[in-house]
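**Student:** Mind looking over this structure? Questions follow.
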Amino acid sequence: MRRYPTWPIHLALLLTACVMLVPFYWVFKTSITGENIFSYPPSLLPVDPQPFFYVDAWYAIPFPRFFLNSVIVAVMVIVANLFINAAAGYALTKNFAGKRWIILLFLACMMIPFHATIIPAYLITAKLGLLNSYLGLGLPAFSHIICIFIFKASFDAIPPSLIQAAKIDGVPERDIMLKIMLPLAKPAVATTIILSFIWSWNDFLWPLIIVRDVEMQTLPLGLSTFLAYFEDTTGALYAFCTMVLAPGLLVFLLAQKEFIQGLTSGARKG
Amino acid sequence: MATASTSSHQSRIGGGRTVAPSARRGLFARKRHRELALIWVLLIPALAIFLLYRVIPLLWNVVLSFQFWSPTKPSEWAGLYHYEEMWVYDDVFWEALTNTFKYMLTAPIAIILAIGLALMVNSRIRGRTVYRTIIFMSYPLMVVAVGIIWRWLYDENVGLINYLLRSLGIIDRPIAFLETFATALPSVIAAAIWQIIGFFMIILLTGLQNIPPNLYEAASIDGASRWSQFWRITLPLLRPSIFLCFIIGIIASFTSFDLIYVMTGGGPGHATELLITYIYKAAFTLTQFDYAGALTVVMFVLFVGLALIANALAGGEAGKVDIAD
Amino acid sequence: MINRRYVIGTAAAIGLLASTLAADRAAAQDKTLTLLTWNLPIYEEKFQGWIADFQEMHPDFTVEWLDKKGTEYATFYQTQLVAGTAPDIIDVQGMLWAEYAADDGLVDLTPYLEEHPDIKARYNPEGLEFWQYDGKQYMLPYYFSKTLMVYNKKLFEEAGIEGPPTNFDEILDDAGKIAATGEGRSGFITLNFDWLYWALFAMNDIDLLNEGMTEAAFNTPEMVDAVTKLAEATQSGAINNISWTGRWVEPNNAFAAGDIGMYQGHGAALFWIMGQADWANADTLGVVEWPGGWGVPNAHGLGISASTEYPDEAFDFIAIALNDKWQTTMADTFTILTLNETVDAELIADTEDPLKQETLELSLANMDKATGDWVTPLDARIKEAFYPELQAALLGQKDPAEAIEAAESNVNRVIRRGNR
């Protein structure tokens, strides 16, 4: 087979990588530059790099508190998603009357935009007495339909003979699920963790409405408060953006292998 | 998610194997009964959440769309008033609808680019995991922050994009990308593609890796060119992954509220108004929750319709992805 | 078995939920007032001061303070309103209050003012009128400013212009001259939220609505003429196009860069610019009224949600928040007018910066020429029906006559639909 030169591919990928990275660089550059960020032409390299915008951002809002709130909500959402979605995904691998309808219901639910459901969602949360609480912040995100299907797909991909063998050996249903299926669905677990983390960490509108106390605010709300202080006139906004984005990026970089596997675990065996 | 139809076979076979000999029918019935109970117990938490936060709110919108409703006054029956308003009089609705369709172009453009990227990253070149990571890195970011960053990049006076275009001599007057009617929507779409392309690439990449290599070997023995291998083998076998990307893309075009809200707020005029931003505006700026309800219903119907069409178009195995399990 | 465990787990979760619920109920038995302010997190310490003073009077009350940014304020308030948990005391900007008032969402303060003539006597009577709907007083003035013309003396000199323009055509002429002085220069910029740009039309004898506010009144040859001229000036660069696309930050930043001749904005924004740009001071900038004395007020008032359980105490709270002591603090902190006559007079007298002093004085002059302050609950909808069309014309996207025609039919439709 004829070998093709690889440099055009490298060139194309390098260019793409640049396009993908430049916004990161630019926001970081703006956040540490010492010059007036509105001067033209903008300098490509940071001039007189300094950390003051970060100091500003740190003191403008109670960053550690907002960070902690975001973490608490994210952890709740992740745990809930793991249990609820694994359970639902497992149930969907079975055959039962009405399964088709349940799947259709799930798919239809995917198509209801959350933004259009704010008011009733708020009323329901109020009725549950969960306004201004961590549980109320997390509850609507406790199950993501995509994650259910990811679990279902990865359970489906487990060879039936394995389960059959376990059943013949008299392993109870619970142990089949917890000790055989769940460990085999590790990529799905990783994916659920990451996706539910991303969605919970980044959510803006729901916390905006549901939270009343400053002590309960999450980081995206901090961003909004931040704009209220400074408008977007100083590099501090970009310093804050960097601080808000970093944790999400970190989580992704640490878990990307499992994540990428899990995202497509269904297709793997297909 | 991208389960090909084989997985459904598996579960069907799996289900079939639980059928016990007829002699033990009584025992089987009890066992089956217990299994059913288990299935429903496992499903209930998820169902409860979707009922509370999706189904009931949708129904609430349906009811509202036939009423005159305000937070502080008793509601009145409105019949089709809001739908008539929307259909006959409201130009903004039509503009938002058109824009939503234009915004959906994000999906095919990003998919085509992502296929290219996936093919390249899939080739045996050095550093492909690094490329892959970099390209995917934009997906997990907070959309509000992404909007702020891109607004800054697009800035008319000190934005990087204008600066580069000017120093390269491509333009001589800066372009107010987000404030000009002709460029606002394409600019937002570009930012949306930037954010989602890595996600698509990963989905397609796994699709690629699942194509059995022996198919290519057989094809090269038959003397098929790389080009015809791509059209005859790669693309058809990627169909389930492409379909998945497409659905995710459509969902994004109906729900990408944060990006528009931060970058343009729907303007200039209504040049970047999408249905979702218009719904939000109708409810919270114009205080017409009833009208917003009608818009929501129309959007939902449209959405389901599109998904069904996409499903039918994808046809064959691709169409059976999970849906018709 | 797994399902039994699962059932127990679910039951435990529900139990936990119920107990949180009960805890919430118990907490709600205290008497609480909620104060919602508009984009003033920076003033937190003073809000706590209001609360402390109020608690001296009503020790059995707790007061919760919330602050929302302007863009999210309405979303937040309306959601709370639907759920019946609306904040009791609200700080509202612009005409949003009229919408709430027309929806029976606000407490009528008229009887309270009759009961407390001393409070009523604090205010400039014309100032109080900004918050009257249907003959009732719904809000009391919290802070106030009005659009004025700020001009860059250096650029005027460079362009060879004697003094600030005195009519609409002169404004455009001068803007053109300034833009011609150099690359990147433009002659005019305006803030653009609510109706802040309306003085431009008012000085051309154009009214948005007719007398009874039953119909659009702006589709006139004068309007077409004015819009055509503004659009041409925008295309030529005499008017900075951020005027029609920006809101608050963008025009302020642009003017602060020092390359724009005239600025249409209110005192608060001007002072913000002076804080940002060290070149901006009384030597480099002049301030005058717009031709004809027209100006658009931008005001905040305090009012009480009708859903409150404690309207009397809420009024006491407002009376404290707006007393001379706290309004003096407000005025001193932000160099802002309060419409409290004593406080304003003191503020003007004590302001040392001549540019600031001039700005404050002019803001209170010609109150009868205030425009862009139509008291209608349909304000937000009229804006949505009107501005996108006007914007399309100003940015050269649409023929002015056509755009005005379309805007007229949109606005009339909104009015005919009324409050539904």
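Quick note on naming: the chains in the structure tokens go A, B, ... in the order shown, residues restart at 1 in each chain, and ligands are numbered from 1 in order of appearance.
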Write out as a list of chain:residue names every residue belonging to chain A that has an atom at most 6 Å from any atom of chain C, counting only C-alpha atoms.
**Tutor:**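 That gives the following set of residues: A:Leu123, A:Gly129, A:Arg174, A:Ile209, A:Ala228.
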**Student:** Residues of the last selection are to be written out with C-alpha atoms, as a compact mmCIF listing (two decimals), in the first residue's frame.
**Tutor:**
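What landed in part_6.txt:
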```
# COMPACT_ATOMS: atom_id res chain seq x y z
CA LEU A 123 -43.41 26.17 41.57
CA GLY A 129 -40.05 23.11 50.15
CA ARG A 174 -28.52 -7.80 43.24
CA ILE A 209 -33.93 31.66 40.24
CA ALA A 228 -22.72 43.68 38.33
```
**Student:** Quick check: residues of chain B within 6 Å of chain C, only C-alpha atoms, returned as a PyMOL selection string.
**Tutor:** chain B and resi 38+71+179+269+284+286
**Student:** Find the residue from A:Lys29, A:Lys179, A:Lys94, A:Lys186 that sits nearest to chain B; use only C-alpha atoms when measuring.
**Tutor:**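 Under the stated criterion, the closest residue is A:Lys94.
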**Student:** Please, what distance in Å, to one decimal, runs between CA of Asn210 in chain C and CA of Asp373 in chain C?
**Tutor:**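 CA of Asp373 in chain C lies 13.7 Å from CA of Asn210 in chain C.
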**Student:** Within 12 Å of Pro164 in chain C, counting only C-alpha atoms, which residues qualify if same-chain residues fewer than 4 places away don't, as number ranges by chain?
**Tutor:** C: 148-153, 155-157, 160, 168, 170-175, 187, 261-263, 285-291
**Student:** Need the shell around range 244-248 of chain A: protein/DNA/RNA residues with any atom at most 7 Å away, counting only C-alpha atoms. Skip same-chain ones fewer than 5 positions apart. Format as a PDB file with C-alpha atoms, in the first residue's frame?
**Tutor:**
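The result, stored in selection23.pdb:
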```
ATOM      1  CA  ILE A 198     -20.181  19.567  33.455  1.00  0.00           C
ATOM      2  CA  LEU A 219     -19.934  29.983  40.654  1.00  0.00           C
TER       3      LEU A 219
ATOM      4  CA  PRO B 140     -16.612  20.947  29.040  1.00  0.00           C
ATOM      5  CA  LEU B 141     -16.437  24.735  29.439  1.00  0.00           C
ATOM      6  CA  MET B 142     -19.127  26.830  31.067  1.00  0.00           C
TER       7      MET B 142
END
```
**Student:** Taking the chain letters and numbering used in this document, name the residues of range 196-399 of chain C that DSSP puts in strand (DSSP E), as a ChimeraX atom specification.
**Tutor:** /C:260-266,285-288,297-304
**Student:** So which residues of range 37-125 of chain B fall under helix (DSSP H, G or I) by DSSP, listed as JSON, numbers by chain?
**Tutor:** {"B": [37, 38, 39, 40, 41, 42, 43, 44, 45, 46, 47, 48, 49, 50, 51, 52, 53, 54, 55, 56, 57, 58, 59, 60, 61, 62, 63, 64, 81, 82, 83, 84, 85, 86, 87, 88, 89, 91, 92, 93, 94, 95, 96, 97, 98, 99, 100, 101, 102, 103, 104, 106, 107, 108, 109, 110, 111, 112, 113, 114, 115, 116, 117, 118, 119, 120, 121, 122]}
**Student:** Could those selected residues go to a file with C-alpha atoms, as a PDB file, in the first residue's frame?
**Tutor:**
```
ATOM      1  CA  ALA B  37     -41.672  -5.157  40.223  1.00  0.00           C
ATOM      2  CA  LEU B  38     -37.926  -4.723  40.299  1.00  0.00           C
ATOM      3  CA  ILE B  39     -37.899  -3.119  36.869  1.00  0.00           C
ATOM      4  CA  TRP B  40     -40.463  -0.550  37.896  1.00  0.00           C
ATOM      5  CA  VAL B  41     -38.776   0.176  41.199  1.00  0.00           C
ATOM      6  CA  LEU B  42     -35.571   0.842  39.299  1.00  0.00           C
ATOM      7  CA  LEU B  43     -37.317   3.093  36.834  1.00  0.00           C
ATOM      8  CA  ILE B  44     -39.336   5.126  39.320  1.00  0.00           C
ATOM      9  CA  PRO B  45     -36.683   7.613  40.490  1.00  0.00           C
ATOM     10  CA  ALA B  46     -35.795   8.618  36.938  1.00  0.00           C
ATOM     11  CA  LEU B  47     -39.445   8.738  35.930  1.00  0.00           C
ATOM     12  CA  ALA B  48     -40.284  10.854  38.959  1.00  0.00           C
ATOM     13  CA  ILE B  49     -37.677  13.428  38.086  1.00  0.00           C
ATOM     14  CA  PHE B  50     -38.742  13.659  34.476  1.00  0.00           C
ATOM     15  CA  LEU B  51     -42.368  13.815  35.492  1.00  0.00           C
ATOM     16  CA  LEU B  52     -41.678  16.655  37.925  1.00  0.00           C
ATOM     17  CA  TYR B  53     -39.257  18.679  35.854  1.00  0.00           C
ATOM     18  CA  ARG B  54     -40.182  17.909  32.269  1.00  0.00           C
ATOM     19  CA  VAL B  55     -43.629  16.415  31.752  1.00  0.00           C
ATOM     20  CA  ILE B  56     -45.637  18.461  34.245  1.00  0.00           C
ATOM     21  CA  PRO B  57     -43.990  21.732  33.175  1.00  0.00           C
ATOM     22  CA  LEU B  58     -44.736  20.911  29.550  1.00  0.00           C
ATOM     23  CA  LEU B  59     -48.372  20.207  30.362  1.00  0.00           C
ATOM     24  CA  TRP B  60     -48.476  23.421  32.351  1.00  0.00           C
ATOM     25  CA  ASN B  61     -47.303  25.250  29.251  1.00  0.00           C
ATOM     26  CA  VAL B  62     -49.952  23.517  27.161  1.00  0.00           C
ATOM     27  CA  VAL B  63     -52.704  24.631  29.531  1.00  0.00           C
ATOM     28  CA  LEU B  64     -51.281  28.131  29.741  1.00  0.00           C
ATOM     29  CA  TYR B  81     -55.772  33.475  20.613  1.00  0.00           C
ATOM     30  CA  HIS B  82     -52.060  33.062  21.264  1.00  0.00           C
ATOM     31  CA  TYR B  83     -51.591  30.660  18.389  1.00  0.00           C
ATOM     32  CA  GLU B  84     -53.360  33.037  16.047  1.00  0.00           C
ATOM     33  CA  GLU B  85     -51.191  35.892  17.310  1.00  0.00           C
ATOM     34  CA  MET B  86     -48.119  33.834  16.642  1.00  0.00           C
ATOM     35  CA  TRP B  87     -49.156  32.573  13.237  1.00  0.00           C
ATOM     36  CA  VAL B  88     -50.712  35.715  11.802  1.00  0.00           C
ATOM     37  CA  TYR B  89     -49.238  38.760  13.486  1.00  0.00           C
ATOM     38  CA  ASP B  91     -43.132  38.640  12.763  1.00  0.00           C
ATOM     39  CA  VAL B  92     -40.601  38.053  15.498  1.00  0.00           C
ATOM     40  CA  PHE B  93     -41.811  34.481  15.910  1.00  0.00           C
ATOM     41  CA  TRP B  94     -41.172  33.797  12.231  1.00  0.00           C
ATOM     42  CA  GLU B  95     -37.815  35.491  12.392  1.00  0.00           C
ATOM     43  CA  ALA B  96     -36.841  33.448  15.433  1.00  0.00           C
ATOM     44  CA  LEU B  97     -38.025  30.296  13.691  1.00  0.00           C
ATOM     45  CA  THR B  98     -35.978  31.067  10.591  1.00  0.00           C
ATOM     46  CA  ASN B  99     -32.952  31.848  12.722  1.00  0.00           C
ATOM     47  CA  THR B 100     -33.383  28.599  14.627  1.00  0.00           C
ATOM     48  CA  PHE B 101     -33.267  26.699  11.356  1.00  0.00           C
ATOM     49  CA  LYS B 102     -30.211  28.661  10.272  1.00  0.00           C
ATOM     50  CA  TYR B 103     -28.620  27.979  13.629  1.00  0.00           C
ATOM     51  CA  MET B 104     -29.189  24.278  13.039  1.00  0.00           C
ATOM     52  CA  THR B 106     -24.187  24.360  13.141  1.00  0.00           C
ATOM     53  CA  ALA B 107     -24.798  20.618  13.181  1.00  0.00           C
ATOM     54  CA  PRO B 108     -23.954  19.694   9.544  1.00  0.00           C
ATOM     55  CA  ILE B 109     -21.015  22.104   9.378  1.00  0.00           C
ATOM     56  CA  ALA B 110     -19.585  20.859  12.643  1.00  0.00           C
ATOM     57  CA  ILE B 111     -20.198  17.240  11.611  1.00  0.00           C
ATOM     58  CA  ILE B 112     -18.379  17.640   8.299  1.00  0.00           C
ATOM     59  CA  LEU B 113     -15.440  19.322  10.018  1.00  0.00           C
ATOM     60  CA  ALA B 114     -15.500  16.748  12.786  1.00  0.00           C
ATOM     61  CA  ILE B 115     -15.416  13.861  10.292  1.00  0.00           C
ATOM     62  CA  GLY B 116     -12.286  15.370   8.787  1.00  0.00           C
ATOM     63  CA  LEU B 117     -10.739  15.793  12.208  1.00  0.00           C
ATOM     64  CA  ALA B 118     -11.731  12.317  13.313  1.00  0.00           C
ATOM     65  CA  LEU B 119     -10.172  10.791  10.187  1.00  0.00           C
ATOM     66  CA  MET B 120      -6.971  12.711  10.780  1.00  0.00           C
ATOM     67  CA  VAL B 121      -6.794  11.939  14.478  1.00  0.00           C
ATOM     68  CA  ASN B 122      -7.538   8.311  13.680  1.00  0.00           C
TER      69      ASN B 122
END
```
**Student:** Find the residue from C:Asp88, C:Asp207, C:Asp225, C:Asp108 that sits nearest to Ala401 in chain C; use only C-alpha atoms when measuring.
**Tutor:**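 Closest to Ala401 in chain C, using only C-alpha atoms: C:Asp225.
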**Student:** I'd like to know which of C:Ala349, C:Val296, C:Met274, C:Leu302 is closest to Trp198 in chain C, using only C-alpha atoms.
**Tutor:** C:Val296
**Student:** For a quick check of understanding, using only C-alpha atoms, which of B:Asn214, B:Thr264, B:Gln229, B:Gln195 has the smallest distance to chain A?
**Tutor:**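 Nearest to chain A: B:Gln195.
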**Student:** Interatomic distance between CA of Arg34 in chain B and CA of Ala91 in chain A?
**Tutor:**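 Between CA of Arg34 in chain B and CA of Ala91 in chain A the gap is 12.8 Å.
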